[in-house]
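So this one's entry36.cif, mmCIF, C-alpha atoms and all ligand atoms:
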data_target
#
loop_
_atom_site.group_PDB
_atom_site.id
_atom_site.type_symbol
_atom_site.label_atom_id
_atom_site.label_comp_id
_atom_site.auth_asym_id
_atom_site.auth_seq_id
_atom_site.Cartn_x
_atom_site.Cartn_y
_atom_site.Cartn_z
ATOM 1 C CA MET A 1410 157.884 145.938 5.774
ATOM 2 C CA LEU A 1411 160.541 147.555 7.964
ATOM 3 C CA CYS A 1412 163.982 147.004 6.420
ATOM 4 C CA ASP A 1413 165.731 149.944 8.053
ATOM 5 C CA VAL A 1414 166.731 150.048 11.704
ATOM 6 C CA TYR A 1415 168.711 152.276 14.039
ATOM 7 C CA GLY A 1416 169.316 155.496 12.164
ATOM 8 C CA MET A 1417 171.082 157.184 15.114
ATOM 9 C CA ALA A 1418 174.319 158.860 14.096
ATOM 10 C CA LEU A 1419 177.216 158.659 16.512
ATOM 11 C CA LEU A 1420 180.439 159.956 15.218
ATOM 12 C CA SER A 1421 183.356 161.988 16.326
ATOM 13 C CA HIS A 1422 187.052 161.493 15.955
ATOM 14 C CA PHE A 1423 188.747 159.025 18.263
ATOM 15 C CA PRO A 1424 192.442 158.140 18.308
ATOM 16 C CA SER A 1425 193.422 154.953 16.554
ATOM 17 C CA ALA A 1426 193.741 151.909 18.801
ATOM 18 C CA ASP A 1427 197.140 151.285 17.218
ATOM 19 C CA SER A 1428 198.385 154.630 18.481
ATOM 20 C CA PHE A 1429 198.246 153.228 22.039
ATOM 21 C CA ARG A 1430 200.381 150.239 21.210
ATOM 22 C CA SER A 1431 203.663 149.714 22.959
ATOM 23 C CA THR A 1432 206.265 147.198 21.965
ATOM 24 C CA VAL A 1433 205.959 143.675 23.313
ATOM 25 C CA PRO A 1434 208.243 143.345 26.338
ATOM 26 C CA GLU A 1435 211.155 140.990 25.920
ATOM 27 C CA GLY A 1436 211.368 137.714 27.800
ATOM 28 C CA ASN A 1437 207.667 137.316 28.372
ATOM 29 C CA GLY A 1438 207.607 133.579 27.837
ATOM 30 C CA GLY A 1439 206.114 133.510 24.368
ATOM 31 C CA LEU A 1440 203.160 135.744 25.212
ATOM 32 C CA ALA A 1441 203.792 137.652 22.032
ATOM 33 C CA GLU A 1442 202.895 134.755 19.783
ATOM 34 C CA MET A 1443 199.938 136.350 18.125
ATOM 35 C CA SER A 1444 196.803 135.839 17.373
ATOM 36 C CA ASP A 1445 195.663 133.882 14.307
ATOM 37 C CA ALA A 1446 197.533 130.704 15.206
ATOM 38 C CA VAL A 1447 196.719 130.934 18.916
ATOM 39 C CA ASN A 1448 193.049 131.574 18.253
ATOM 40 C CA GLN A 1449 192.803 128.833 15.642
ATOM 41 C CA ARG A 1450 194.055 126.418 18.307
ATOM 42 C CA LEU A 1451 191.712 127.957 20.862
ATOM 43 C CA TYR A 1452 188.557 127.364 18.850
ATOM 44 C CA GLU A 1453 189.633 123.932 17.594
ATOM 45 C CA ALA A 1454 189.933 122.936 21.277
ATOM 46 C CA LEU A 1455 186.921 124.885 22.520
ATOM 47 C CA ALA A 1456 184.437 123.780 19.849
ATOM 48 C CA GLU A 1457 183.048 120.835 21.817
ATOM 49 C CA HIS A 1458 183.081 122.741 25.145
ATOM 50 C CA HIS A 1459 182.001 126.252 24.196
ATOM 51 C CA HIS A 1460 178.421 125.773 25.468
ATOM 52 C CA LEU A 1461 179.859 125.251 28.983
ATOM 53 C CA ILE A 1462 180.771 128.928 29.359
ATOM 54 C CA PHE A 1463 177.033 129.698 29.365
ATOM 55 C CA GLU A 1464 174.902 128.844 32.375
ATOM 56 C CA ASP A 1465 172.354 127.287 29.981
ATOM 57 C CA TRP A 1466 173.309 127.591 26.307
ATOM 58 C CA ASP A 1467 169.811 126.967 24.943
ATOM 59 C CA ALA A 1468 168.352 129.615 27.250
ATOM 60 C CA SER A 1469 171.076 132.035 26.064
ATOM 61 C CA ILE A 1470 170.288 131.247 22.438
ATOM 62 C CA ARG A 1471 166.641 132.153 22.997
ATOM 63 C CA HIS A 1472 167.424 135.234 25.084
ATOM 64 C CA GLN A 1473 170.015 136.592 22.632
ATOM 65 C CA GLY A 1474 167.672 135.981 19.699
ATOM 66 C CA GLU A 1475 164.865 137.984 21.330
ATOM 67 C CA ILE A 1476 167.171 140.947 21.968
ATOM 68 C CA ILE A 1477 169.024 140.934 18.642
ATOM 69 C CA ALA A 1478 165.862 140.528 16.562
ATOM 70 C CA LYS A 1479 164.572 143.854 17.930
ATOM 71 C CA LEU A 1480 167.537 145.562 16.239
ATOM 72 C CA LEU A 1481 167.210 143.788 12.874
ATOM 73 C CA PRO A 1482 165.149 144.290 9.756
ATOM 74 C CA GLN A 1483 162.328 141.783 9.324
ATOM 75 C CA PRO A 1484 163.162 138.307 7.932
ATOM 76 C CA GLU A 1485 161.563 139.194 4.562
ATOM 77 C CA CYS A 1486 164.207 141.890 4.001
ATOM 78 C CA GLY A 1487 166.886 139.360 3.087
ATOM 79 C CA PRO A 1488 169.271 136.751 4.474
ATOM 80 C CA ILE A 1489 171.617 137.285 7.406
ATOM 81 C CA LEU A 1490 175.322 136.482 7.359
ATOM 82 C CA ASP A 1491 176.737 135.622 10.795
ATOM 83 C CA ALA A 1492 180.399 136.172 9.920
ATOM 84 C CA ALA A 1493 181.888 134.814 13.168
ATOM 85 C CA CYS A 1494 179.219 132.249 13.936
ATOM 86 C CA GLY A 1495 181.189 130.031 16.316
ATOM 87 C CA ILE A 1496 179.088 127.073 17.422
ATOM 88 C CA GLY A 1497 175.999 128.983 16.279
ATOM 89 C CA THR A 1498 174.627 130.930 19.257
ATOM 90 C CA GLN A 1499 173.169 133.781 17.196
ATOM 91 C CA SER A 1500 172.688 131.847 13.930
ATOM 92 C CA LEU A 1501 170.527 129.227 15.635
ATOM 93 C CA ALA A 1502 168.611 131.903 17.538
ATOM 94 C CA LEU A 1503 167.751 133.883 14.427
ATOM 95 C CA ALA A 1504 166.963 130.821 12.303
ATOM 96 C CA ALA A 1505 164.481 129.758 15.007
ATOM 97 C CA LEU A 1506 162.851 133.191 14.660
ATOM 98 C CA GLY A 1507 162.319 132.731 10.916
ATOM 99 C CA TYR A 1508 165.414 134.413 9.484
ATOM 100 C CA SER A 1509 167.320 132.850 6.599
ATOM 101 C CA VAL A 1510 170.804 132.517 8.095
ATOM 102 C CA GLU A 1511 174.218 131.772 6.657
ATOM 103 C CA GLY A 1512 176.949 131.320 9.236
ATOM 104 C CA SER A 1513 180.686 131.405 8.601
ATOM 105 C CA ASP A 1514 183.733 131.198 10.814
ATOM 106 C CA ILE A 1515 187.480 130.842 10.377
ATOM 107 C CA SER A 1516 187.482 127.680 12.505
ATOM 108 C CA SER A 1517 186.356 124.487 10.783
ATOM 109 C CA ALA A 1518 185.810 122.830 14.182
ATOM 110 C CA VAL A 1519 183.181 125.339 15.313
ATOM 111 C CA VAL A 1520 181.518 125.245 11.887
ATOM 112 C CA ALA A 1521 181.182 121.457 12.195
ATOM 113 C CA ARG A 1522 179.633 121.846 15.667
ATOM 114 C CA ALA A 1523 177.244 124.572 14.434
ATOM 115 C CA GLU A 1524 176.088 122.291 11.607
ATOM 116 C CA ARG A 1525 175.413 119.514 14.100
ATOM 117 C CA GLU A 1526 173.535 121.781 16.514
ATOM 118 C CA CYS A 1527 171.456 123.121 13.649
ATOM 119 C CA ALA A 1528 170.472 119.613 12.516
ATOM 120 C CA VAL A 1529 169.612 118.528 16.081
ATOM 121 C CA ARG A 1530 167.216 121.470 16.371
ATOM 122 C CA GLY A 1531 165.616 120.855 12.967
ATOM 123 C CA LEU A 1532 166.707 124.290 11.755
ATOM 124 C CA ASP A 1533 167.905 125.268 8.304
ATOM 125 C CA CYS A 1534 171.108 127.376 8.326
ATOM 126 C CA LYS A 1535 174.008 127.119 5.899
ATOM 127 C CA PHE A 1536 177.405 127.042 7.594
ATOM 128 C CA ARG A 1537 180.848 127.305 5.989
ATOM 129 C CA VAL A 1538 184.452 128.222 6.739
ATOM 130 C CA ASP A 1539 185.343 131.784 5.800
ATOM 131 C CA ASP A 1540 187.484 134.625 7.133
ATOM 132 C CA MET A 1541 185.605 137.794 8.085
ATOM 133 C CA ARG A 1542 188.506 139.854 6.693
ATOM 134 C CA THR A 1543 187.757 138.626 3.171
ATOM 135 C CA LEU A 1544 184.350 136.883 3.169
ATOM 136 C CA THR A 1545 185.335 135.229 -0.092
ATOM 137 C CA ALA A 1546 182.454 132.739 0.041
ATOM 138 C CA ALA A 1547 179.804 135.412 0.577
ATOM 139 C CA PRO A 1548 178.285 136.947 -2.561
ATOM 140 C CA PRO A 1549 178.281 140.767 -2.805
ATOM 141 C CA SER A 1550 175.081 142.772 -2.175
ATOM 142 C CA ARG A 1551 173.187 139.764 -0.781
ATOM 143 C CA TYR A 1552 172.500 140.300 2.931
ATOM 144 C CA SER A 1553 170.125 142.454 4.974
ATOM 145 C CA VAL A 1554 172.517 142.033 7.912
ATOM 146 C CA VAL A 1555 176.133 140.978 8.394
ATOM 147 C CA MET A 1556 176.916 140.364 12.057
ATOM 148 C CA ALA A 1557 179.848 139.347 14.233
ATOM 149 C CA MET A 1558 178.810 138.941 17.865
ATOM 150 C CA ASP A 1559 180.428 138.120 21.194
ATOM 151 C CA ASN A 1560 183.716 139.952 20.843
ATOM 152 C CA ALA A 1561 184.825 138.266 17.612
ATOM 153 C CA VAL A 1562 186.172 141.493 16.050
ATOM 154 C CA PRO A 1563 188.825 142.123 18.789
ATOM 155 C CA HIS A 1564 190.423 138.829 17.756
ATOM 156 C CA LEU A 1565 191.751 140.790 14.739
ATOM 157 C CA GLU A 1566 195.309 141.990 15.167
ATOM 158 C CA SER A 1567 195.202 145.625 14.064
ATOM 159 C CA ASP A 1568 192.946 148.548 13.247
ATOM 160 C CA GLU A 1569 193.717 147.905 9.565
ATOM 161 C CA GLU A 1570 192.407 144.344 9.823
ATOM 162 C CA ILE A 1571 189.203 145.593 11.448
ATOM 163 C CA VAL A 1572 188.708 148.181 8.695
ATOM 164 C CA THR A 1573 189.322 145.453 6.103
ATOM 165 C CA ALA A 1574 186.725 143.203 7.773
ATOM 166 C CA PHE A 1575 184.153 146.012 7.981
ATOM 167 C CA ALA A 1576 184.732 146.852 4.312
ATOM 168 C CA ALA A 1577 184.222 143.187 3.375
ATOM 169 C CA MET A 1578 180.986 143.168 5.390
ATOM 170 C CA ARG A 1579 179.792 146.427 3.809
ATOM 171 C CA THR A 1580 180.168 145.134 0.264
ATOM 172 C CA ARG A 1581 178.078 142.045 1.105
ATOM 173 C CA LEU A 1582 175.101 144.181 2.192
ATOM 174 C CA LEU A 1583 171.944 145.017 0.303
ATOM 175 C CA PRO A 1584 171.531 148.810 -0.143
ATOM 176 C CA THR A 1585 169.667 149.265 3.172
ATOM 177 C CA GLY A 1586 171.614 146.506 4.963
ATOM 178 C CA LYS A 1587 173.183 146.719 8.415
ATOM 179 C CA VAL A 1588 176.390 145.598 10.054
ATOM 180 C CA VAL A 1589 175.789 144.490 13.663
ATOM 181 C CA ILE A 1590 178.737 143.888 15.993
ATOM 182 C CA SER A 1591 178.969 143.164 19.713
ATOM 183 C CA VAL A 1592 182.171 143.621 21.678
ATOM 184 C CA ARG A 1593 183.324 143.508 25.273
ATOM 185 C CA ASP A 1594 183.166 146.971 26.873
ATOM 186 C CA TYR A 1595 186.935 147.491 27.112
ATOM 187 C CA GLN A 1596 187.070 151.086 28.327
ATOM 188 C CA ARG A 1597 187.248 150.168 32.031
ATOM 189 C CA HIS A 1598 189.533 147.175 31.366
ATOM 190 C CA LEU A 1599 192.013 149.452 29.580
ATOM 191 C CA GLU A 1600 192.109 151.692 32.642
ATOM 192 C CA GLU A 1601 192.287 148.902 35.231
ATOM 193 C CA ARG A 1602 194.169 146.202 33.271
ATOM 194 C CA PRO A 1603 192.684 143.339 35.299
ATOM 195 C CA SER A 1604 194.637 140.113 35.659
ATOM 196 C CA SER A 1605 191.476 138.022 36.072
ATOM 197 C CA LEU A 1606 187.713 138.185 35.720
ATOM 198 C CA PRO A 1607 185.356 137.210 38.554
ATOM 199 C CA PRO A 1608 184.472 133.490 38.452
ATOM 200 C CA ARG A 1609 180.981 132.435 37.449
ATOM 201 C CA PHE A 1610 179.403 129.601 39.433
ATOM 202 C CA TYR A 1611 176.881 127.385 37.695
ATOM 203 C CA SER A 1612 175.073 124.220 38.702
ATOM 204 C CA ASP A 1613 174.623 121.164 36.486
ATOM 205 C CA GLY A 1614 171.961 119.128 38.274
ATOM 206 C CA GLY A 1615 173.441 120.029 41.649
ATOM 207 C CA ARG A 1616 177.089 119.588 40.583
ATOM 208 C CA ARG A 1617 179.194 122.714 40.417
ATOM 209 C CA ARG A 1618 180.692 124.169 37.238
ATOM 210 C CA ILE A 1619 183.044 127.161 37.609
ATOM 211 C CA VAL A 1620 184.126 129.341 34.683
ATOM 212 C CA PHE A 1621 186.869 131.919 35.064
ATOM 213 C CA GLN A 1622 189.582 133.750 33.121
ATOM 214 C CA ILE A 1623 193.159 134.884 33.809
ATOM 215 C CA TRP A 1624 194.477 137.711 31.624
ATOM 216 C CA ASP A 1625 198.201 138.154 30.849
ATOM 217 C CA TRP A 1626 198.736 141.590 29.314
ATOM 218 C CA ILE A 1627 201.221 141.578 26.423
ATOM 219 C CA ASP A 1628 201.276 145.353 25.881
ATOM 220 C CA GLN A 1629 198.960 148.339 26.320
ATOM 221 C CA ARG A 1630 196.288 146.693 24.214
ATOM 222 C CA ARG A 1631 196.831 143.010 23.775
ATOM 223 C CA TYR A 1632 196.376 140.241 26.287
ATOM 224 C CA ARG A 1633 196.493 136.497 26.317
ATOM 225 C CA PHE A 1634 193.571 134.995 28.204
ATOM 226 C CA HIS A 1635 193.394 131.652 29.940
ATOM 227 C CA LEU A 1636 189.856 130.325 30.152
ATOM 228 C CA TYR A 1637 189.227 127.622 32.746
ATOM 229 C CA VAL A 1638 186.098 125.483 32.915
ATOM 230 C CA THR A 1639 186.176 123.396 36.092
ATOM 231 C CA ARG A 1640 183.469 120.793 36.667
ATOM 232 C CA ASP A 1641 182.482 118.545 39.530
ATOM 233 C CA THR A 1642 181.736 115.275 37.699
ATOM 234 C CA SER A 1643 180.946 111.728 38.842
ATOM 235 C CA GLN A 1644 184.653 110.980 38.140
ATOM 236 C CA GLY A 1645 185.816 113.897 40.314
ATOM 237 C CA TRP A 1646 186.836 117.445 39.410
ATOM 238 C CA ILE A 1647 187.842 118.034 35.773
ATOM 239 C CA THR A 1648 189.405 121.269 34.509
ATOM 240 C CA HIS A 1649 189.592 122.307 30.868
ATOM 241 C CA HIS A 1650 192.062 125.041 30.000
ATOM 242 C CA PHE A 1651 191.895 127.133 26.810
ATOM 243 C CA GLU A 1652 194.136 129.989 25.653
ATOM 244 C CA GLY A 1653 193.490 132.803 23.212
ATOM 245 C CA THR A 1654 194.407 136.409 22.457
ATOM 246 C CA TYR A 1655 192.479 139.641 22.168
ATOM 247 C CA ARG A 1656 193.375 143.226 21.345
ATOM 248 C CA ALA A 1657 191.251 145.576 23.426
ATOM 249 C CA VAL A 1658 189.432 148.163 21.306
ATOM 250 C CA THR A 1659 186.778 150.454 22.709
ATOM 251 C CA THR A 1660 183.327 150.830 21.223
ATOM 252 C CA GLU A 1661 184.175 154.386 20.172
ATOM 253 C CA GLU A 1662 187.247 153.133 18.331
ATOM 254 C CA ILE A 1663 185.161 150.437 16.643
ATOM 255 C CA ALA A 1664 182.725 153.159 15.553
ATOM 256 C CA ASP A 1665 185.595 155.162 14.093
ATOM 257 C CA LEU A 1666 186.965 152.118 12.243
ATOM 258 C CA ALA A 1667 183.488 151.418 10.870
ATOM 259 C CA LYS A 1668 183.414 154.967 9.514
ATOM 260 C CA ARG A 1669 186.832 154.450 7.905
ATOM 261 C CA ALA A 1670 185.408 151.349 6.176
ATOM 262 C CA GLY A 1671 182.631 153.445 4.609
ATOM 263 C CA LEU A 1672 179.836 152.443 6.991
ATOM 264 C CA ARG A 1673 177.332 155.164 7.941
ATOM 265 C CA GLU A 1674 174.758 155.977 10.626
ATOM 266 C CA ILE A 1675 176.911 154.281 13.229
ATOM 267 C CA ALA A 1676 175.269 153.812 16.617
ATOM 268 C CA VAL A 1677 176.826 152.409 19.775
ATOM 269 C CA LEU A 1678 174.059 150.863 21.866
ATOM 270 C CA PRO A 1679 175.092 150.375 25.513
ATOM 271 C CA ALA A 1680 174.211 147.077 27.170
ATOM 272 C CA ARG A 1681 171.801 148.843 29.553
ATOM 273 C CA ASP A 1682 169.717 150.029 26.572
ATOM 274 C CA THR A 1683 169.431 146.711 24.739
ATOM 275 C CA GLY A 1684 169.570 144.148 27.570
ATOM 276 C CA PHE A 1685 172.391 142.367 25.695
ATOM 277 C CA TYR A 1686 175.452 141.451 27.780
ATOM 278 C CA GLN A 1687 177.787 143.557 25.606
ATOM 279 C CA PRO A 1688 177.492 146.906 23.793
ATOM 280 C CA ILE A 1689 176.201 146.498 20.241
ATOM 281 C CA ILE A 1690 177.374 148.621 17.315
ATOM 282 C CA VAL A 1691 174.924 149.003 14.418
ATOM 283 C CA ALA A 1692 175.879 150.664 11.130
ATOM 284 C CA THR A 1693 174.401 151.104 7.680
ATOM 285 C CA GLY A 1694 176.171 149.991 4.521
ATOM 286 C CA GLY A 1695 175.084 151.028 1.077
HETATM 287 C C1 LIG A 1701 183.899 134.387 21.101
HETATM 288 S S1 LIG A 1701 183.554 133.467 19.661
HETATM 289 C C2 LIG A 1701 181.876 133.963 19.317
HETATM 290 C C3 LIG A 1701 181.135 132.959 18.470
HETATM 291 C C4 LIG A 1701 179.633 133.203 18.332
HETATM 292 N N1 LIG A 1701 179.356 134.483 17.702
HETATM 293 C C5 LIG A 1701 178.949 133.066 19.678
HETATM 294 O O1 LIG A 1701 178.522 134.086 20.253
HETATM 295 O O2 LIG A 1701 178.821 131.940 20.164
HETATM 296 C C6 LIG A 1701 184.473 134.315 18.417
HETATM 297 C C7 LIG A 1701 184.478 133.607 17.078
HETATM 298 O O3 LIG A 1701 185.161 134.431 16.130
HETATM 299 C C8 LIG A 1701 185.811 133.555 15.239
HETATM 300 N N2 LIG A 1701 186.833 134.276 14.481
HETATM 301 C C9 LIG A 1701 188.003 134.808 14.938
HETATM 302 N N3 LIG A 1701 188.691 135.379 13.922
HETATM 303 C C10 LIG A 1701 187.918 135.225 12.801
HETATM 304 C C11 LIG A 1701 188.058 135.616 11.458
HETATM 305 N N4 LIG A 1701 189.148 136.287 11.036
HETATM 306 N N5 LIG A 1701 187.072 135.298 10.593
HETATM 307 C C12 LIG A 1701 185.970 134.612 11.001
HETATM 308 N N6 LIG A 1701 185.788 134.208 12.274
HETATM 309 C C13 LIG A 1701 186.743 134.524 13.176
HETATM 310 C C14 LIG A 1701 186.365 132.462 16.126
HETATM 311 O O4 LIG A 1701 186.757 131.316 15.404
HETATM 312 C C15 LIG A 1701 185.183 132.252 17.079
HETATM 313 O O5 LIG A 1701 184.328 131.238 16.630
#
Translate this file's structure into structure tokens.
Amino acid sequence: MLCDVYGMALLSHFPSADSFRSTVPEGNGGLAEMSDAVNQRLYEALAEHHHLIFEDWDASIRHQGEIIAKLLPQPECGPILDAACGIGTQSLALAALGYSVEGSDISSAVVARAERECAVRGLDCKFRVDDMRTLTAAPPSRYSVVMAMDNAVPHLESDEEIVTAFAAMRTRLLPTGKVVISVRDYQRHLEERPSSLPPRFYSDGGRRRIVFQIWDWIDQRRYRFHLYVTRDTSQGWITHHFEGTYRAVTTEEIADLAKRAGLREIAVLPARDTGFYQPIIVATGG
């Protein structure tokens, strides 16, 4: 049985993300309202619509599962904790591949949706509300993997919060367990500070669905994003608007914060190497 994966070491010293922070400019129309409250509202509102940001959510579930499973220990090695499970993209994928999965998230609305999606698919995951900074509902030394995918970690407000979350994840691992994180590749965004992302055009049975984001930068690191999902429906065009905040941290900074939290054998796997749509960071606990 193979319970150990990705032993590559990648470590050097990188400056703290907080050291790049500037003060929030005055008079910026409330942009500085940060992040827990804004993001709680975001995911309460997004829970029933989150699948619409994927071209085909079920296809993405399968595709992500195939890629992530290649990086994980085998299912027999122990349960997985998906510590920012959202509506269940990775939890459902890994449960379908035979893993025992527990999913938790700070948003009760997404947890409720994940439970529903799990039941519809006849899968057996356990979902609950929990904060990845504390993981109070997760027993220590229980999991072969603790993961937080799709840029969940940059929702945290400071380097200290990320270290706290990684330390909470580490203490929940079995001795050979792994932390697995995926984040947006922010290096280029920090240089270019884009004010929008290119729109994605999807088709729902011949009717157009357009997904795009506007980014309002708050300071050197933080931005408030506006996510628009615009659909051509039988009742005409409908636009959903959602707002959240992120603090851009690079993969190298994440690796450094993982080291500060006591994680070891930290590897940053670029998207081109894994086929995943974001870089993945894998680290050993113990
Ligand atoms: C972009 S979504 C990704 C969800 C899921 N992993 C996926 O790929 O569909 C980020 C998730 O992180 C969750 N989150 C943000 N802060 C959190 C925290 N402190 N503890 C647990 N979950 C958190 C949000 O509620 C949201 O569901």
For Arg1640 in chain A: contacts at 7 Å, all atoms listed in the file, fewer than 4 positions along chain excluded, given as a PDB file with C-alpha atoms, keeping the file's coordinate frame:
ATOM      1  CA  ARG A1617     179.194 122.714  40.417  1.00  0.00           C
ATOM      2  CA  ARG A1618     180.692 124.169  37.238  1.00  0.00           C
ATOM      3  CA  ILE A1619     183.044 127.161  37.609  1.00  0.00           C
ATOM      4  CA  TRP A1646     186.836 117.445  39.410  1.00  0.00           C
ATOM      5  CA  ILE A1647     187.842 118.034  35.773  1.00  0.00           C
ATOM      6  CA  THR A1648     189.405 121.269  34.509  1.00  0.00           C
TER       7      THR A1648
END
Residues returned when the PyMOL selection byres (((chain A and resi 1466-1468) around 12) and not hetatm) runs on this file, as a compact mmCIF listing (two decimals) with C-alpha atoms, keeping the file's coordinate frame:
# COMPACT_ATOMS: atom_id res chain seq x y z
CA HIS A 1458 183.08 122.74 25.14
CA HIS A 1459 182.00 126.25 24.20
CA HIS A 1460 178.42 125.77 25.47
CA LEU A 1461 179.86 125.25 28.98
CA ILE A 1462 180.77 128.93 29.36
CA PHE A 1463 177.03 129.70 29.36
CA GLU A 1464 174.90 128.84 32.38
CA ASP A 1465 172.35 127.29 29.98
CA SER A 1469 171.08 132.04 26.06
CA ILE A 1470 170.29 131.25 22.44
CA ARG A 1471 166.64 132.15 23.00
CA HIS A 1472 167.42 135.23 25.08
CA GLN A 1473 170.02 136.59 22.63
CA GLY A 1474 167.67 135.98 19.70
CA GLU A 1475 164.86 137.98 21.33
CA ILE A 1496 179.09 127.07 17.42
CA GLY A 1497 176.00 128.98 16.28
CA THR A 1498 174.63 130.93 19.26
CA GLN A 1499 173.17 133.78 17.20
CA LEU A 1501 170.53 129.23 15.64
CA ALA A 1502 168.61 131.90 17.54
CA ALA A 1505 164.48 129.76 15.01
CA GLU A 1526 173.54 121.78 16.51
CA ARG A 1530 167.22 121.47 16.37
CA TYR A 1611 176.88 127.38 37.70
Using the chain letters and numbers from the file, which residues does the PyMOL selection byres (((not hetatm)) within 8 of (chain A and resi 1701)) grab, as a PDB file with C-alpha atoms, keeping the file's coordinate frame?
ATOM      1  CA  ASP A1445     195.663 133.882  14.307  1.00  0.00           C
ATOM      2  CA  ASN A1448     193.049 131.574  18.253  1.00  0.00           C
ATOM      3  CA  GLN A1449     192.803 128.833  15.642  1.00  0.00           C
ATOM      4  CA  TYR A1452     188.557 127.364  18.850  1.00  0.00           C
ATOM      5  CA  HIS A1459     182.001 126.252  24.196  1.00  0.00           C
ATOM      6  CA  ASP A1491     176.737 135.622  10.795  1.00  0.00           C
ATOM      7  CA  ALA A1492     180.399 136.172   9.920  1.00  0.00           C
ATOM      8  CA  ALA A1493     181.888 134.814  13.168  1.00  0.00           C
ATOM      9  CA  CYS A1494     179.219 132.249  13.936  1.00  0.00           C
ATOM     10  CA  GLY A1495     181.189 130.031  16.316  1.00  0.00           C
ATOM     11  CA  ILE A1496     179.088 127.073  17.422  1.00  0.00           C
ATOM     12  CA  GLY A1497     175.999 128.983  16.279  1.00  0.00           C
ATOM     13  CA  THR A1498     174.627 130.930  19.257  1.00  0.00           C
ATOM     14  CA  GLN A1499     173.169 133.781  17.196  1.00  0.00           C
ATOM     15  CA  SER A1513     180.686 131.405   8.601  1.00  0.00           C
ATOM     16  CA  ASP A1514     183.733 131.198  10.814  1.00  0.00           C
ATOM     17  CA  ILE A1515     187.480 130.842  10.377  1.00  0.00           C
ATOM     18  CA  SER A1516     187.482 127.680  12.505  1.00  0.00           C
ATOM     19  CA  VAL A1519     183.181 125.339  15.313  1.00  0.00           C
ATOM     20  CA  VAL A1538     184.452 128.222   6.739  1.00  0.00           C
ATOM     21  CA  ASP A1539     185.343 131.784   5.800  1.00  0.00           C
ATOM     22  CA  ASP A1540     187.484 134.625   7.133  1.00  0.00           C
ATOM     23  CA  MET A1541     185.605 137.794   8.085  1.00  0.00           C
ATOM     24  CA  ARG A1542     188.506 139.854   6.693  1.00  0.00           C
ATOM     25  CA  ALA A1557     179.848 139.347  14.233  1.00  0.00           C
ATOM     26  CA  MET A1558     178.810 138.941  17.865  1.00  0.00           C
ATOM     27  CA  ASP A1559     180.428 138.120  21.194  1.00  0.00           C
ATOM     28  CA  ASN A1560     183.716 139.952  20.843  1.00  0.00           C
ATOM     29  CA  ALA A1561     184.825 138.266  17.612  1.00  0.00           C
ATOM     30  CA  VAL A1562     186.172 141.493  16.050  1.00  0.00           C
ATOM     31  CA  HIS A1564     190.423 138.829  17.756  1.00  0.00           C
ATOM     32  CA  LEU A1565     191.751 140.790  14.739  1.00  0.00           C
TER      33      LEU A1565
END
| message | Which residues are near Pro1549 in chain A? Cut-off 12 Å, all atoms listed in the file, ignore same chain within fewer than 5 positions. Put them as a ChimeraX atom specification. | response | /A:1490,1543-1544,1555,1576-1584,1586,1694-1695
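Relative to CA of Glu1652 in chain A, CA of Phe1621 in chain A is found at 12.0 Å.
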| Quick one: distance from CA of Arg1609 in chain A to CA of Leu1678 in chain A in Å, one decimal? | 25.1 Å
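With CA of Val1510 in chain A on one side and CA of Val1658 in chain A on the other, the separation reads 27.7 Å.
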| Which neighbours of range 1667-1669 of chain A fall inside 9 Å, counting only C-alpha atoms, when residues of the same chain fewer than 6 positions from it are skipped, and could you give them as a PyMOL selection string? | chain A and resi 1420+1571-1572+1575-1576+1675+1692
Grab the residues selected above and save them as a PDB file, in the coordinates of the input with C-alpha atoms.
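The new file result-v1.pdb reads:
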ATOM      1  CA  LEU A1420     180.439 159.956  15.218  1.00  0.00           C
ATOM      2  CA  ILE A1571     189.203 145.593  11.448  1.00  0.00           C
ATOM      3  CA  VAL A1572     188.708 148.181   8.695  1.00  0.00           C
ATOM      4  CA  PHE A1575     184.153 146.012   7.981  1.00  0.00           C
ATOM      5  CA  ALA A1576     184.732 146.852   4.312  1.00  0.00           C
ATOM      6  CA  ILE A1675     176.911 154.281  13.229  1.00  0.00           C
ATOM      7  CA  ALA A1692     175.879 150.664  11.130  1.00  0.00           C
TER       8      ALA A1692
END
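The residue that comes closest to Ser1612 in chain A, out of A:Gln1596, A:Ser1553, A:Thr1642, A:Thr1545 and on the basis of all atoms listed in the file, is A:Thr1642.
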Using the incomplete input, complete range 1453-1458 of chain A to the level of N, CA and C atoms; output as an mmCIF file, in the frame of the given file.
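Result file is part26.cif:
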data_model
loop_
_atom_site.group_PDB
_atom_site.id
_atom_site.type_symbol
_atom_site.label_atom_id
_atom_site.label_comp_id
_atom_site.auth_asym_id
_atom_site.auth_seq_id
_atom_site.Cartn_x
_atom_site.Cartn_y
_atom_site.Cartn_z
ATOM 1 N N GLU A 1453 189.617 125.378 17.878
ATOM 2 C CA GLU A 1453 189.633 123.932 17.594
ATOM 3 C C GLU A 1453 189.387 123.177 18.903
ATOM 4 N N ALA A 1454 190.055 123.637 19.986
ATOM 5 C CA ALA A 1454 189.933 122.936 21.277
ATOM 6 C C ALA A 1454 188.596 123.220 21.957
ATOM 7 N N LEU A 1455 188.111 124.458 21.782
ATOM 8 C CA LEU A 1455 186.921 124.885 22.520
ATOM 9 C C LEU A 1455 185.618 124.400 21.880
ATOM 10 N N ALA A 1456 185.674 124.037 20.603
ATOM 11 C CA ALA A 1456 184.437 123.780 19.849
ATOM 12 C C ALA A 1456 183.465 122.869 20.601
ATOM 13 N N GLU A 1457 183.956 121.784 21.163
ATOM 14 C CA GLU A 1457 183.048 120.835 21.817
ATOM 15 C C GLU A 1457 182.677 121.256 23.240
ATOM 16 N N HIS A 1458 183.327 122.318 23.757
ATOM 17 C CA HIS A 1458 183.081 122.741 25.145
ATOM 18 C C HIS A 1458 182.475 124.138 25.258
#
